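**Student:** Okay, here's the structure, questions in a sec.
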Amino acid sequence: MANPTRRGSSGEPVRNSMQGGNYTPWSNTHFVLPYGLRLQQTKNAGDTSVTIPAGITFVYAIAVGGGGVGGAGGVAWGWTLANSTCVVGAGVTTGVSGGYTRYGNVIAGGGAAGIGGGGTSAAAGATNYWGIPGGAAGATASKGGSGSGGGGGGVSSTSGVTSGAGGDGISGGGGGNHTISGSTTNTAGAGGNGLVGGGGGGAANSTATRTGGNGGNGINILTGAVTTGGTGTTGTGTNGAGGGGGGIAGNGSNAVTTVGGAGGLGGGGAGAGITANGTGGAGILYLFY
């Protein structure tokens, strides 16, 4: 339910002086972004301290975890008691989960460690703060399931058969790798789409055509604009890295030759690389009051 708006004798909305004119308009309000509140603070990876003015008891927080190699960072939102500390997770470049982000009792996990992209098999997406389950891992060459965190795309072991795309969700899953050897056509899967996009899978080992998957798209949670995933690279016997996924606050980066693209700011999943993975997008924390 939308927050009620108090009105004065003229019929115009009466707003708290602390909010001034820089409040969230109705046109930008959605299931995460609160109507009528002002974005007061933005915290980035590594920040640990928060100063809240006297008299503020409750704070509305939107938290995004750091991106994994493939899986996008989790997103959590809601009211919590004002707190003087926070944790904002970093993105990663290896097969471990991205760092979590927390303010009070609002906690967002990092992007999934295992994916099609970045591993030899797909992994299921993560359950989020609200208990929404993650999507199932994709079977061979199939798209990952939808959920809070999209499931990783299924890995292909057949020449010319594209690996599965990451599942769509609040946080997109990573695209499936395609790594069989020989003179084969290896095409990796794209990252899943969501509020945060997953990273594209990598295509390796072939002496013929290798094509890395594109990163999935996200959405800038403050403006509603699409944040785009980066593109994968293509080559004969080389390239094949995946693009980074779009974050909640920035676009994903394109892959460069055999190096995966970085995830966008705000949890974008890293693209899987051949010689090196990209870096998952750093987490972010928005505080409204």
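Labels used: A, B, ... for chains in the order of the structure tokens, numbers from 1 for residues in each chain, and numbers from 1 for ligands as shown.
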Please list as a PyMOL selection string every residue within 6 Å of Gly74 (chain A), counting only C-alpha atoms and excluding residues in the same chain fewer than 3 positions away.
**Tutor:** chain A and resi 64-65+108-110+171
**Student:** Within 8 Å of Ser148 (chain A), counting only C-alpha atoms, which residues qualify if same-chain residues fewer than 6 places away don't, as a list in words?
**Tutor:**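 Contacts, with the query itself left out: Gly74, Gly125, Ala126, Thr127, Asn128, Ile132, Pro133, Gly134, Gly135, Gly169, Ile170 and Ser171 of chain A.
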**Student:** Could you tell me how far CA of Ile284 (chain A) lies from CA of Val88 (chain A), in Å and to one decimal?
**Tutor:**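 If I compute the distance from CA of Ile284 (chain A) to CA of Val88 (chain A), I get 6.1 Å.
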**Student:** Using only C-alpha atoms, which residues sit within 7 Å of region 252-261 of chain A once same-chain residues fewer than 2 positions away are excluded, as a count of residues only?
**Tutor:** 29
**Student:** Can you pull out every residue within 7 Å of Gly166 (chain A), counting only C-alpha atoms, but drop anything in the same chain fewer than 2 positions away, and send it as a ChimeraX atom specification?
**Tutor:** /A:143-144,150-153,164,168,172-176,190-192,198
**Student:** What is the distance between CA of His178 (chain A) and CA of Gly213 (chain A), in Å to one decimal?
**Tutor:** 9.7 Å
**Student:** Find the distance between CA of Val196 (chain A) and CA of Asn105 (chain A) and write it in Å to one decimal.
**Tutor:** 21.4 Å
**Student:** Which residue, A:Ser142, A:Ser159, A:Asn205, A:Asn220, has the smallest gap to Gly189 (chain A) when you use only C-alpha atoms?
**Tutor:**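 Checking each candidate against Gly189 (chain A), we get A:Ser142 as the closest.
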**Student:** Between A:Tyr35, A:Phe58, A:Tyr289, A:Tyr129, which residue has the minimum interatomic distance to Leu81 (chain A), considering only C-alpha atoms?
**Tutor:** A:Phe58
**Student:** Which of region 4-252 of chain A counts as strand (DSSP E or B) under DSSP, as a PyMOL selection string please?
**Tutor:** chain A and resi 7+13+39-44+49+58-64+69+75-81+85+87+101-103+106-108+147-149+169-171+178+182+186-187+196+203+206+209-211+218-219+226-227+234-236
**Student:** Got a sec: who's within 6 Å of region 36-53 of chain A, counting only C-alpha atoms, leaving out chain neighbours fewer than 6 positions off, as a PDB file with N, CA and C atoms, in the first residue's frame?
**Tutor:**
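selection-v7.pdb written:
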ATOM      1  N   GLN A  19      12.737  16.434   4.315  1.00  0.00           N
ATOM      2  CA  GLN A  19      12.722  15.905   2.963  1.00  0.00           C
ATOM      3  C   GLN A  19      12.912  16.999   1.926  1.00  0.00           C
ATOM      4  N   TYR A  23      12.410  14.400  -2.800  1.00  0.00           N
ATOM      5  CA  TYR A  23      11.774  13.181  -2.354  1.00  0.00           C
ATOM      6  C   TYR A  23      11.517  12.282  -3.557  1.00  0.00           C
ATOM      7  N   THR A  24      11.226  11.031  -3.285  1.00  0.00           N
ATOM      8  CA  THR A  24      10.943  10.089  -4.363  1.00  0.00           C
ATOM      9  C   THR A  24       9.560  10.359  -4.939  1.00  0.00           C
ATOM     10  N   SER A  84      24.394   2.447  13.539  1.00  0.00           N
ATOM     11  CA  SER A  84      25.607   3.232  13.271  1.00  0.00           C
ATOM     12  C   SER A  84      26.643   2.481  12.442  1.00  0.00           C
ATOM     13  N   THR A  85      26.363   1.228  12.097  1.00  0.00           N
ATOM     14  CA  THR A  85      27.318   0.453  11.314  1.00  0.00           C
ATOM     15  C   THR A  85      26.628  -0.188  10.121  1.00  0.00           C
ATOM     16  N   CYS A  86      27.441  -0.564   9.133  1.00  0.00           N
ATOM     17  CA  CYS A  86      26.938  -1.270   7.962  1.00  0.00           C
ATOM     18  C   CYS A  86      28.055  -2.136   7.401  1.00  0.00           C
ATOM     19  N   VAL A  87      27.689  -3.045   6.525  1.00  0.00           N
ATOM     20  CA  VAL A  87      28.640  -3.839   5.754  1.00  0.00           C
ATOM     21  C   VAL A  87      28.199  -3.745   4.299  1.00  0.00           C
ATOM     22  N   VAL A  88      29.120  -3.408   3.402  1.00  0.00           N
ATOM     23  CA  VAL A  88      28.797  -3.355   1.967  1.00  0.00           C
ATOM     24  C   VAL A  88      29.795  -4.256   1.246  1.00  0.00           C
ATOM     25  N   GLY A  89      29.288  -5.294   0.616  1.00  0.00           N
ATOM     26  CA  GLY A  89      30.132  -6.330   0.054  1.00  0.00           C
ATOM     27  C   GLY A  89      30.833  -5.943  -1.241  1.00  0.00           C
ATOM     28  N   ALA A  90      31.986  -6.538  -1.446  1.00  0.00           N
ATOM     29  CA  ALA A  90      32.753  -6.354  -2.675  1.00  0.00           C
ATOM     30  C   ALA A  90      32.413  -7.454  -3.672  1.00  0.00           C
ATOM     31  N   ALA A 282      30.649  -4.207  -7.374  1.00  0.00           N
ATOM     32  CA  ALA A 282      30.608  -3.971  -5.922  1.00  0.00           C
ATOM     33  C   ALA A 282      29.173  -3.772  -5.456  1.00  0.00           C
ATOM     34  N   GLY A 283      28.925  -4.168  -4.213  1.00  0.00           N
ATOM     35  CA  GLY A 283      27.610  -3.944  -3.630  1.00  0.00           C
ATOM     36  C   GLY A 283      27.371  -2.469  -3.359  1.00  0.00           C
ATOM     37  N   ILE A 284      26.142  -2.159  -2.969  1.00  0.00           N
ATOM     38  CA  ILE A 284      25.789  -0.769  -2.670  1.00  0.00           C
ATOM     39  C   ILE A 284      24.656  -0.769  -1.651  1.00  0.00           C
ATOM     40  N   LEU A 285      24.586   0.315  -0.881  1.00  0.00           N
ATOM     41  CA  LEU A 285      23.558   0.451   0.148  1.00  0.00           C
ATOM     42  C   LEU A 285      22.956   1.842   0.062  1.00  0.00           C
ATOM     43  N   TYR A 286      21.618   1.912  -0.075  1.00  0.00           N
ATOM     44  CA  TYR A 286      20.902   3.184  -0.111  1.00  0.00           C
ATOM     45  C   TYR A 286      20.090   3.300   1.193  1.00  0.00           C
ATOM     46  N   LEU A 287      20.167   4.471   1.826  1.00  0.00           N
ATOM     47  CA  LEU A 287      19.442   4.720   3.064  1.00  0.00           C
ATOM     48  C   LEU A 287      18.489   5.901   2.896  1.00  0.00           C
ATOM     49  N   PHE A 288      17.223   5.684   3.208  1.00  0.00           N
ATOM     50  CA  PHE A 288      16.178   6.693   3.070  1.00  0.00           C
ATOM     51  C   PHE A 288      15.601   6.994   4.453  1.00  0.00           C
ATOM     52  N   TYR A 289      15.323   8.290   4.708  1.00  0.00           N
ATOM     53  CA  TYR A 289      14.576   8.670   5.927  1.00  0.00           C
ATOM     54  C   TYR A 289      14.101  10.100   5.780  1.00  0.00           C
TER      55      TYR A 289
END
